[in-house]
Structure formats: C-alpha cells, structure tokens
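Below is one structure, written out as structure tokens; the observations come after it.
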Amino acid sequence: MKNIKYILLTAVLVGFTACNDEEDFEDQLDNPTEEVVYPDLTPGTADFSNYVAIGNSLTAGFTDNALFIASQENSMPNMLAQKFALAGGGTFTQPLMDDNIGGLLFGGNQNEDGSFGPRLYFDGSGPASLPGMSSTEAFAPSLGSQNNMGVPGAASFHLLYDGYGNPANLLTDPPTANPYYVRMASAPNATILGDALAQQPTFVSLWIGNNDVLGYATSGGDQTVAAITPQATFEGSINAIVGALQAANVQGVMANIPYVTTIPHFTTVPYNPLDPTNPDFGPQIPLLNSIFGALNPIFNAVDPNRAIVFSETEASAVVIKDESLDNISGTIIAALNASPTFPGFIAQFGLPAEAAPLVANLLGATYGQTRQANANDLLVLPSSSIIGTVNMESVAALMDQGLPQALAGQFSVEGVSLPLEDKWVLIPTEQDELQIATDSFNETLEAAATSAGFAFVDANSLMQQLDNGGYSDGNFILTSSLVTGGAFSLDGVHPTARGYALLANEFMKEIDETYGSNFEASGNLLDIGNYPTNYPPQLP
C-alpha cells in the first residue's frame, strides 16, 4: 500500500470554517486539493539496524553553550535515528544529562572560571547565562557506552586516546580527560572509537575535525591557548578511524568541516562598534584624538594604516594589537623622548616634565603593534562584553609605574585606549591559516569517505550558504545571523534545534544518494519548522 499524505488538508478545513458565503464553499468542493502519492520508504542497501553516532559537540547536540536534556533530544543523530527506525533502525540511546540547566559539577562544585556552566538563554536584549546550578556530576559512575558517542570538545585524535575517559585525568594540570566522555566511557582506558565499535554498529555517522581548528579560532589565533592540529596528526587519525570502521564492515556517512569564519561567533561583533553618541565614549573623543595625535606622526612615518583617529560623527573602529605588525615600540619611545613638545603634552594630564621618559616607555610598550581594526578583521563574540570596559589589571600595572588611578583608568579602556589583545580578534593572517588547514583537512575527510564508500555531506558549503543569503527549507529561510537567523544558537558556534534538523535532512539526502534509500523521495525528511530556534528559561 502506498503511503499517501494529503497536502494542505488543514488549510482546506480552515478554509471551510472561514467561508463567508455558499459560493466559497461550493468552489472548494469543485476544486479539491490534489493528493500527493509518495513511494514507500526503503533503506536501499543501508543497514540501519544498529546506528552509532561518532563525533564532537555537533553530534552530542550541544547548543546555547551547553549540553542539556532538551538539546540532546533534538540532537542531529537522534533525529536521524527516529527516521532510521522507519527503515529498519533499532533503539538509539544517549548519555542524557540530569537536567535542562546544562553544565557539569565537579565533586559537587561548578568550575570557578565559568567553564561547563549553565546554558545561555535570550533575556530580551542578548544571550545571558541561565541562573541556577547543574545537577549533572562529572565524577558520577559511568553510564556506559551509548549509541550517541558525540563528545563535546573532542578533536580527531581524541577518538583514539585511551585516557580520554579516565576520571583521574580530569585532575591533572592541564586535564587530559574529557568529562563528557568520562560520563560514558566503558573503562578508564577505553577510547571513543573502541566504545563505538564494541557496540557492533551496522551504520555510523562520523563528523569530526571541527575542534582541530575551532580552538585556535575562538582564542583569536592564540597558539598558547589552542593550536591547529598538524596535518600529519589529523590525517593519521582520520585514516586510523575510518580504517577501523572499514575493517568492521560498517556503512556510514561523514561530513567535512565548515569555515569557522562563516559562523556568527566571528561575524556578529562589528569591527567599528564605537558610537560617538554613546555618552561614555563620545565626550572622550577630543581627548583621545589628542593622545593619538602625539603618536600618529610616528605611525604615519612607519605605515599610515597604523594611524588612530576616532570620528565624532560616525562609528569608529576599535584599537587592536596586531602581532603580524613590526614592533615599533623602540621607535615610539625614541621619537617621544626626542620631542621638545612631549613634556608639555603630558602636562595636560597633571604629570611633571620628569615623567616624560616614563610615559614614553609606557606608550611605546602599549602601542608598538597597534592599529585600528578594519572590515577584514573578525572580532570573537565574547569581545562584545569587553569592548569599552576598564581593564583593572592594566590599571593596577600603570599605577605601579607611578600613574595616578584616574589617568591609569583612562589608558585602560579595552579597544579604545588599551588595544584589544590577540585573543579577541582574528586578523587576516590567522584567518588564512585557518582556511588553509580547513581545506587540507577537508581533502583528507573526503578522500577517507570515498575510500570507505561512505556518504559524504559538504557541511562547509551549507554553512557558506547560510552566511550568504540563507538556506531555504520548506517554508523557512535560515541564515547565520545570531538570534534572528534561526540556524545558530546563542553561543554563535552550535546550531539550534532547527539548524540540527536542517543538517539531518542534508545527511539523509546524501545517504539516499549513496545507499539508494529514499528518505527525500518518500516524503520522510524532517519538517524543520517543528523544531525550535531557542529554548525558554524554564524547561521541564
């Protein structure tokens, strides 16, 4: 028997109740809605009887900067499993958190640095951290292996690391275990890949590699925080993972890595957010231009692009530290000390002429690799809460050098008088590094998928489409805009439930293409409108 769906049946019923006269009703009877006949769903050659998902936060269902029950229920693998169940698929288990607050406890306590904290919610003006404390304990007994083996934070090589689920390794400095895997590792020396294979899957989804570049990007290209995985390490890891899946005669689908520069974490904060109508900034512009006016002749002599000027009529760019620039601290110090007008310049700040060498040294140290940002720079999302604030560590350091507190504060305004540090900005050279690595990693992923005969999803192209006009699915157009675009959650990195549904549809389309299933042709893709774009503060 054919699976028949009556399209717009609801619209007909609504139209019936809304008819204003007998003529409208008769017209509907004369022109009934045509039925669309879909073929029966078939898995083709795919065996979905035991589906296991392997990956990172995008597989786990991470959204709004946390993992919580509702987000896991709307994870992409769980959506896929529900459709697979219609084509011979079995049960699908997940390592559910204990609440809808999100985050983790470590020995009953939250991390003081705010990591693994509660989820974000929209408070009417922007993302805000949900009040409350998680009830999910990282050191609780393991739940054991699950069908969803997505581990937030995992990079390619972590799937093979046999200490990644050892709770003792959470206590090392730095930690070498992952608390999300600790919650489901079969043993302290287990590996994510080993636990996945031990379940004897017939079909897998493998989406890994994002974290091999993401940490470097979110740190503003700070190598001391997170480095891009070396190509040899990445390629060796992927080949080992896919080789093991091939040896187990597993079918599957893989996806590549999106350019991080297409996601709202890097595209939301403008390079020129300094508004002259802001009462905290506008009145300071004349003084700021006076200060930088003493430096601009030096900047212009080296590179006119380094000159810093704040507009009194238009939005101005923030001041940043660009580590790719030659450090001209010595040039600044020498020029200021040689200037006969510099002692008079610092007198306007109540400083004696004897302080000129001290101030010259401070200005040289601060502005040696400084410029204003431009449209080619990408500011990370958390910078929005930093720009325009007073850096108290800078204030203390300047006061230790002998500056009065008020003056130290004036020279410590983030992005204005104090250049934004590297961690807040992805400059073009860092973006180039990320794109080169991503392109190379994606070649490795596609080659591995082709060799294994797996379906392959071009997630990179999809994300670029979201960033360039949007992606249409049914009655919805999703874009990469934060909050309003519908595709990305409040952390600017991970999808919303609707975004995950969009991805699930793309995975099913590629599975259809490779294995001869017909999720799309049989009308069994997901209706992304059934999935939310945000979660309210209160969830059951």
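Residue numbering restarts at 1 in every chain; chains get A, B, ... in the order shown in the structure tokens, and ligands count up from 1 in that same order.
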For the strand (DSSP E or B) assignment from backbone DSSP, which residues of range 275-474 of chain A qualify? Please present them as an MDAnalysis selection string. chainID A and resid 316 319:321 370:372 378:379 390 413:414 418 420 425:426 455:457 471:473
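With distances restricted to only C-alpha atoms, A:Ala187 is the closest residue to Leu143 in chain A from A:Ala187, A:Ala217, A:Val253, A:Leu407.
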With 12 Å as the cut-off and only C-alpha atoms counted, what is the closest atom pair between each nearby residue of range 96-177 of chain A and range 224-248 of chain A? Distances in Å to one decimal, ordered by chain and number, as CSV.
residue,atom,partner,partner_atom,distance
A:Gly153,CA,A:Ala226,CA,11.9
A:Ala155,CA,A:Thr229,CA,8.5
A:Ser156,CA,A:Ser237,CA,6.1
A:Phe157,CA,A:Ser237,CA,5.4
A:His158,CA,A:Ser237,CA,8.7
A:Leu159,CA,A:Ile241,CA,7.9
A:Leu160,CA,A:Ser237,CA,7.5
A:Tyr161,CA,A:Ser237,CA,10.2
A:Pro174,CA,A:Val225,CA,11.5
Could you write out the selected residues, including N, CA and C atoms, as a PDB file, in the first residue's frame?
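Final output, out32.pdb:
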ATOM      1  N   GLY A 153      33.975  18.901  22.510  1.00  0.00           N
ATOM      2  CA  GLY A 153      35.378  19.238  22.712  1.00  0.00           C
ATOM      3  C   GLY A 153      36.357  18.283  22.080  1.00  0.00           C
ATOM      4  N   ALA A 155      38.644  16.436  19.502  1.00  0.00           N
ATOM      5  CA  ALA A 155      39.288  16.619  18.199  1.00  0.00           C
ATOM      6  C   ALA A 155      39.499  15.242  17.578  1.00  0.00           C
ATOM      7  N   SER A 156      40.012  15.207  16.371  1.00  0.00           N
ATOM      8  CA  SER A 156      40.161  13.940  15.658  1.00  0.00           C
ATOM      9  C   SER A 156      40.965  12.917  16.450  1.00  0.00           C
ATOM     10  N   PHE A 157      42.105  13.338  16.979  1.00  0.00           N
ATOM     11  CA  PHE A 157      42.989  12.395  17.667  1.00  0.00           C
ATOM     12  C   PHE A 157      42.443  11.945  19.015  1.00  0.00           C
ATOM     13  N   HIS A 158      41.492  12.690  19.574  1.00  0.00           N
ATOM     14  CA  HIS A 158      40.910  12.284  20.860  1.00  0.00           C
ATOM     15  C   HIS A 158      40.099  11.001  20.744  1.00  0.00           C
ATOM     16  N   LEU A 159      39.599  10.695  19.549  1.00  0.00           N
ATOM     17  CA  LEU A 159      38.817   9.464  19.387  1.00  0.00           C
ATOM     18  C   LEU A 159      39.663   8.225  19.617  1.00  0.00           C
ATOM     19  N   LEU A 160      40.974   8.395  19.561  1.00  0.00           N
ATOM     20  CA  LEU A 160      41.896   7.259  19.692  1.00  0.00           C
ATOM     21  C   LEU A 160      42.650   7.257  21.022  1.00  0.00           C
ATOM     22  N   TYR A 161      42.448   8.292  21.845  1.00  0.00           N
ATOM     23  CA  TYR A 161      43.231   8.444  23.073  1.00  0.00           C
ATOM     24  C   TYR A 161      42.622   7.612  24.200  1.00  0.00           C
ATOM     25  N   PRO A 174      47.500  20.449  32.698  1.00  0.00           N
ATOM     26  CA  PRO A 174      46.064  20.604  32.420  1.00  0.00           C
ATOM     27  C   PRO A 174      45.375  19.247  32.348  1.00  0.00           C
TER      28      PRO A 174
END
Any idea what the distance is between CA of Thr496 in chain A and CA of Ala140 in chain A?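 One can read the CA of Thr496 in chain A to CA of Ala140 in chain A distance as 28.4 Å.
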From a DSSP pass on the backbone, collect the residues of range 204-316 of chain A flagged as helix (DSSP H, G or I) and hand them back as number ranges by chain. A: 211-218, 231-247, 260-262, 264-267, 282-302, 304-306
Using only C-alpha atoms for the distances, tell me which of A:Ser125, A:Asn56, A:Asn272, A:Gln223 is nearest to Glu314 in chain A. A:Asn272
Quick one: of A:Gly220, A:Ala408, A:Leu295, A:Gln251, who's nearest to Ser383 in chain A, counting only C-alpha atoms? A:Gly220
Would you list the contacts of Asn524 in chain A as an mmCIF file with all heavy atoms, in the first residue's frame, taking every protein, DNA or RNA residue within 9 Å and counting only C-alpha atoms, but skipping same-chain residues closer than 5 positions in sequence?
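Here's the written file around_11.cif:
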data_model
loop_
_atom_site.group_PDB
_atom_site.id
_atom_site.type_symbol
_atom_site.label_atom_id
_atom_site.label_comp_id
_atom_site.auth_asym_id
_atom_site.auth_seq_id
_atom_site.Cartn_x
_atom_site.Cartn_y
_atom_site.Cartn_z
ATOM 1 N N LEU A 41 8.856 4.086 1.969
ATOM 2 C CA LEU A 41 10.234 4.304 2.397
ATOM 3 C C LEU A 41 11.022 3.005 2.283
ATOM 4 O O LEU A 41 10.573 1.943 2.716
ATOM 5 C CB LEU A 41 10.260 4.809 3.841
ATOM 6 C CG LEU A 41 11.646 4.962 4.489
ATOM 7 C CD1 LEU A 41 12.468 6.017 3.747
ATOM 8 C CD2 LEU A 41 11.504 5.324 5.964
ATOM 9 N N LYS A 83 14.203 8.661 12.112
ATOM 10 C CA LYS A 83 13.885 8.344 10.724
ATOM 11 C C LYS A 83 14.403 6.966 10.331
ATOM 12 O O LYS A 83 13.732 6.216 9.600
ATOM 13 C CB LYS A 83 14.465 9.420 9.802
ATOM 14 C CG LYS A 83 13.780 10.769 9.929
ATOM 15 C CD LYS A 83 12.300 10.689 9.556
ATOM 16 C CE LYS A 83 11.614 12.037 9.614
ATOM 17 N NZ LYS A 83 10.186 11.963 9.210
ATOM 18 N N ASN A 518 15.448 6.287 0.229
ATOM 19 C CA ASN A 518 14.624 7.339 -0.382
ATOM 20 C C ASN A 518 13.915 8.192 0.662
ATOM 21 O O ASN A 518 12.715 8.444 0.572
ATOM 22 C CB ASN A 518 13.616 6.729 -1.352
ATOM 23 C CG ASN A 518 12.575 5.843 -0.659
ATOM 24 O OD1 ASN A 518 12.779 5.416 0.488
ATOM 25 N ND2 ASN A 518 11.462 5.580 -1.335
ATOM 26 N N PHE A 519 14.664 8.629 1.656
ATOM 27 C CA PHE A 519 14.058 9.493 2.675
ATOM 28 C C PHE A 519 13.440 10.736 2.044
ATOM 29 O O PHE A 519 12.340 11.146 2.411
ATOM 30 C CB PHE A 519 15.115 9.897 3.712
ATOM 31 C CG PHE A 519 15.558 8.777 4.600
ATOM 32 C CD1 PHE A 519 16.785 8.154 4.399
ATOM 33 C CD2 PHE A 519 14.748 8.319 5.625
ATOM 34 C CE1 PHE A 519 17.200 7.110 5.211
ATOM 35 C CE2 PHE A 519 15.146 7.274 6.446
ATOM 36 C CZ PHE A 519 16.384 6.666 6.232
#
Could you list, as a list in words, every residue within 6 Å of Gly55 in chain A, counting only C-alpha atoms and ignoring same-chain residues fewer than 3 positions away?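 Residues meeting the cut-off are Thr59, Gly150, Leu206, Trp207 and Ile208 of chain A.
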For the selection just defined, write its residues with C-alpha atoms to a file, as an mmCIF file, in the first residue's frame.
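Contents of part-v8.cif, as written:
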data_model
loop_
_atom_site.group_PDB
_atom_site.id
_atom_site.type_symbol
_atom_site.label_atom_id
_atom_site.label_comp_id
_atom_site.auth_asym_id
_atom_site.auth_seq_id
_atom_site.Cartn_x
_atom_site.Cartn_y
_atom_site.Cartn_z
ATOM 1 C CA THR A 59 26.969 15.131 17.289
ATOM 2 C CA GLY A 150 29.347 12.540 20.470
ATOM 3 C CA LEU A 206 31.213 10.361 11.699
ATOM 4 C CA TRP A 207 31.502 14.128 11.985
ATOM 5 C CA ILE A 208 34.842 15.055 13.465
#
What does the distance between CA of Tyr121 in chain A and CA of Gln72 in chain A come to in Å, to one decimal place? 16.4 Å
Near range 46-54 of chain A, counting only C-alpha atoms, which residues have an atom at most 8 Å away, once you skip same-chain residues fewer than 6 positions from it, shown as a ChimeraX atom specification? /A:77,81,84-85,87-92,146-150,192-193,196,199-208,251,515-517
Just to be explicit: take each residue in the selection above, keep N, CA, C and O atoms, and write the result as a compact mmCIF listing (two decimals), in the first residue's frame.
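out-v2.txt, written as the output of this step:
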# COMPACT_ATOMS: atom_id res chain seq x y z
N PRO A 77 21.84 13.30 15.52
CA PRO A 77 21.77 11.84 15.45
C PRO A 77 20.44 11.28 15.97
O PRO A 77 19.95 10.28 15.44
N ALA A 81 18.07 8.94 13.91
CA ALA A 81 17.68 7.63 14.43
C ALA A 81 16.16 7.44 14.36
O ALA A 81 15.67 6.33 14.09
N PHE A 84 15.59 6.63 10.82
CA PHE A 84 16.14 5.29 10.54
C PHE A 84 15.21 4.20 11.08
O PHE A 84 15.12 3.11 10.50
N ALA A 85 14.55 4.49 12.21
CA ALA A 85 13.66 3.50 12.81
C ALA A 85 12.51 3.13 11.88
O ALA A 85 11.94 2.03 11.98
N ALA A 87 12.95 2.67 8.81
CA ALA A 87 13.56 1.89 7.73
C ALA A 87 14.44 0.78 8.29
O ALA A 87 15.52 0.50 7.77
N GLY A 88 13.99 0.17 9.38
CA GLY A 88 14.70 -0.97 9.94
C GLY A 88 15.64 -0.63 11.07
O GLY A 88 16.35 -1.53 11.56
N GLY A 89 15.70 0.64 11.49
CA GLY A 89 16.61 1.03 12.56
C GLY A 89 16.14 0.55 13.92
O GLY A 89 14.94 0.33 14.15
N GLY A 90 17.08 0.42 14.84
CA GLY A 90 16.76 -0.04 16.19
C GLY A 90 16.72 1.11 17.18
O GLY A 90 16.57 2.27 16.82
N THR A 91 16.86 0.76 18.45
CA THR A 91 16.83 1.78 19.51
C THR A 91 18.09 2.63 19.45
O THR A 91 19.13 2.20 18.94
N PHE A 92 17.97 3.83 19.99
CA PHE A 92 19.10 4.76 19.97
C PHE A 92 19.20 5.40 21.36
O PHE A 92 18.30 6.10 21.80
N GLN A 146 27.06 4.52 24.71
CA GLN A 146 25.75 4.88 24.19
C GLN A 146 25.80 4.89 22.66
O GLN A 146 26.87 4.96 22.05
N ASN A 147 24.62 4.85 22.05
CA ASN A 147 24.60 4.97 20.59
C ASN A 147 25.10 6.33 20.13
O ASN A 147 25.71 6.45 19.08
N ASN A 148 24.82 7.36 20.91
CA ASN A 148 25.36 8.68 20.59
C ASN A 148 26.69 8.83 21.32
O ASN A 148 26.73 9.09 22.53
N MET A 149 27.78 8.69 20.58
CA MET A 149 29.12 8.81 21.13
C MET A 149 29.73 10.17 20.79
O MET A 149 30.94 10.31 20.61
N GLY A 150 28.87 11.18 20.69
CA GLY A 150 29.35 12.54 20.47
C GLY A 150 29.91 13.11 21.76
O GLY A 150 29.22 13.13 22.78
N ILE A 192 37.02 6.41 22.56
CA ILE A 192 35.71 6.70 21.97
C ILE A 192 35.45 5.76 20.79
O ILE A 192 34.37 5.17 20.67
N LEU A 193 36.44 5.61 19.92
CA LEU A 193 36.27 4.73 18.78
C LEU A 193 36.06 3.29 19.22
O LEU A 193 35.20 2.58 18.68
N ALA A 196 32.62 2.78 20.49
CA ALA A 196 31.65 2.79 19.39
C ALA A 196 31.65 1.45 18.66
O ALA A 196 30.59 0.87 18.40
N GLN A 199 29.98 -1.75 20.16
CA GLN A 199 28.52 -1.89 20.05
C GLN A 199 28.11 -2.59 18.75
O GLN A 199 26.93 -2.78 18.50
N GLN A 200 29.12 -2.95 17.93
CA GLN A 200 28.89 -3.65 16.66
C GLN A 200 27.89 -2.91 15.77
O GLN A 200 26.86 -3.45 15.36
N PRO A 201 28.20 -1.65 15.46
CA PRO A 201 27.27 -0.87 14.64
C PRO A 201 27.19 -1.41 13.21
O PRO A 201 28.16 -1.96 12.68
N THR A 202 26.04 -1.23 12.63
CA THR A 202 25.88 -1.54 11.20
C THR A 202 25.99 -0.27 10.37
O THR A 202 26.29 -0.33 9.17
N PHE A 203 25.73 0.87 11.01
CA PHE A 203 25.77 2.15 10.31
C PHE A 203 26.26 3.21 11.29
O PHE A 203 25.84 3.23 12.46
N VAL A 204 27.14 4.09 10.82
CA VAL A 204 27.66 5.14 11.70
C VAL A 204 27.56 6.49 10.98
O VAL A 204 27.55 6.57 9.75
N SER A 205 27.46 7.53 11.78
CA SER A 205 27.74 8.88 11.27
C SER A 205 29.02 9.32 11.96
O SER A 205 29.20 9.12 13.16
N LEU A 206 29.92 9.90 11.18
CA LEU A 206 31.21 10.36 11.70
C LEU A 206 31.39 11.81 11.27
O LEU A 206 31.60 12.11 10.09
N TRP A 207 31.27 12.71 12.26
CA TRP A 207 31.50 14.13 11.98
C TRP A 207 32.51 14.62 13.01
O TRP A 207 32.17 14.88 14.15
N ILE A 208 33.75 14.70 12.57
CA ILE A 208 34.84 15.06 13.46
C ILE A 208 35.80 15.99 12.71
O ILE A 208 35.85 15.96 11.48
N GLN A 251 28.77 0.53 7.43
CA GLN A 251 28.35 1.56 6.49
C GLN A 251 28.31 2.90 7.21
O GLN A 251 28.30 2.95 8.45
N TYR A 515 23.36 5.13 -0.81
CA TYR A 515 22.87 3.79 -0.48
C TYR A 515 21.53 3.45 -1.13
O TYR A 515 21.01 2.34 -0.93
N GLY A 516 20.96 4.37 -1.89
CA GLY A 516 19.72 4.06 -2.58
C GLY A 516 18.49 4.10 -1.71
O GLY A 516 17.42 3.61 -2.11
N SER A 517 18.60 4.64 -0.52
CA SER A 517 17.41 4.86 0.30
C SER A 517 16.62 6.01 -0.32
O SER A 517 17.06 6.64 -1.28
Wanna dump the range 372-406 of chain A-range 342-351 of chain A contacts at 12 Å for me, each residue with its shortest atom pair and the distance in Å to one decimal, counting only C-alpha atoms, ordered by chain and number, as a Markdown table?
| residue | atom | partner | partner_atom | distance |
| --- | --- | --- | --- | --- |
| A:Gly402 | CA | A:Leu351 | CA | 10.1 |
| A:Leu403 | CA | A:Leu351 | CA | 8.5 |
| A:Pro404 | CA | A:Leu351 | CA | 9.2 |
| A:Gln405 | CA | A:Phe349 | CA | 11.8 |
| A:Ala406 | CA | A:Phe349 | CA | 9.9 |
Fewer than 5 positions away in the same chain doesn't count, so skip those; otherwise give me all residues within 8 Å of Met463 in chain A, counting only C-alpha atoms, as a list in words.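 The contact residues come out as Pro258, Tyr259, Thr262, Ile263 and Ser480 of chain A.
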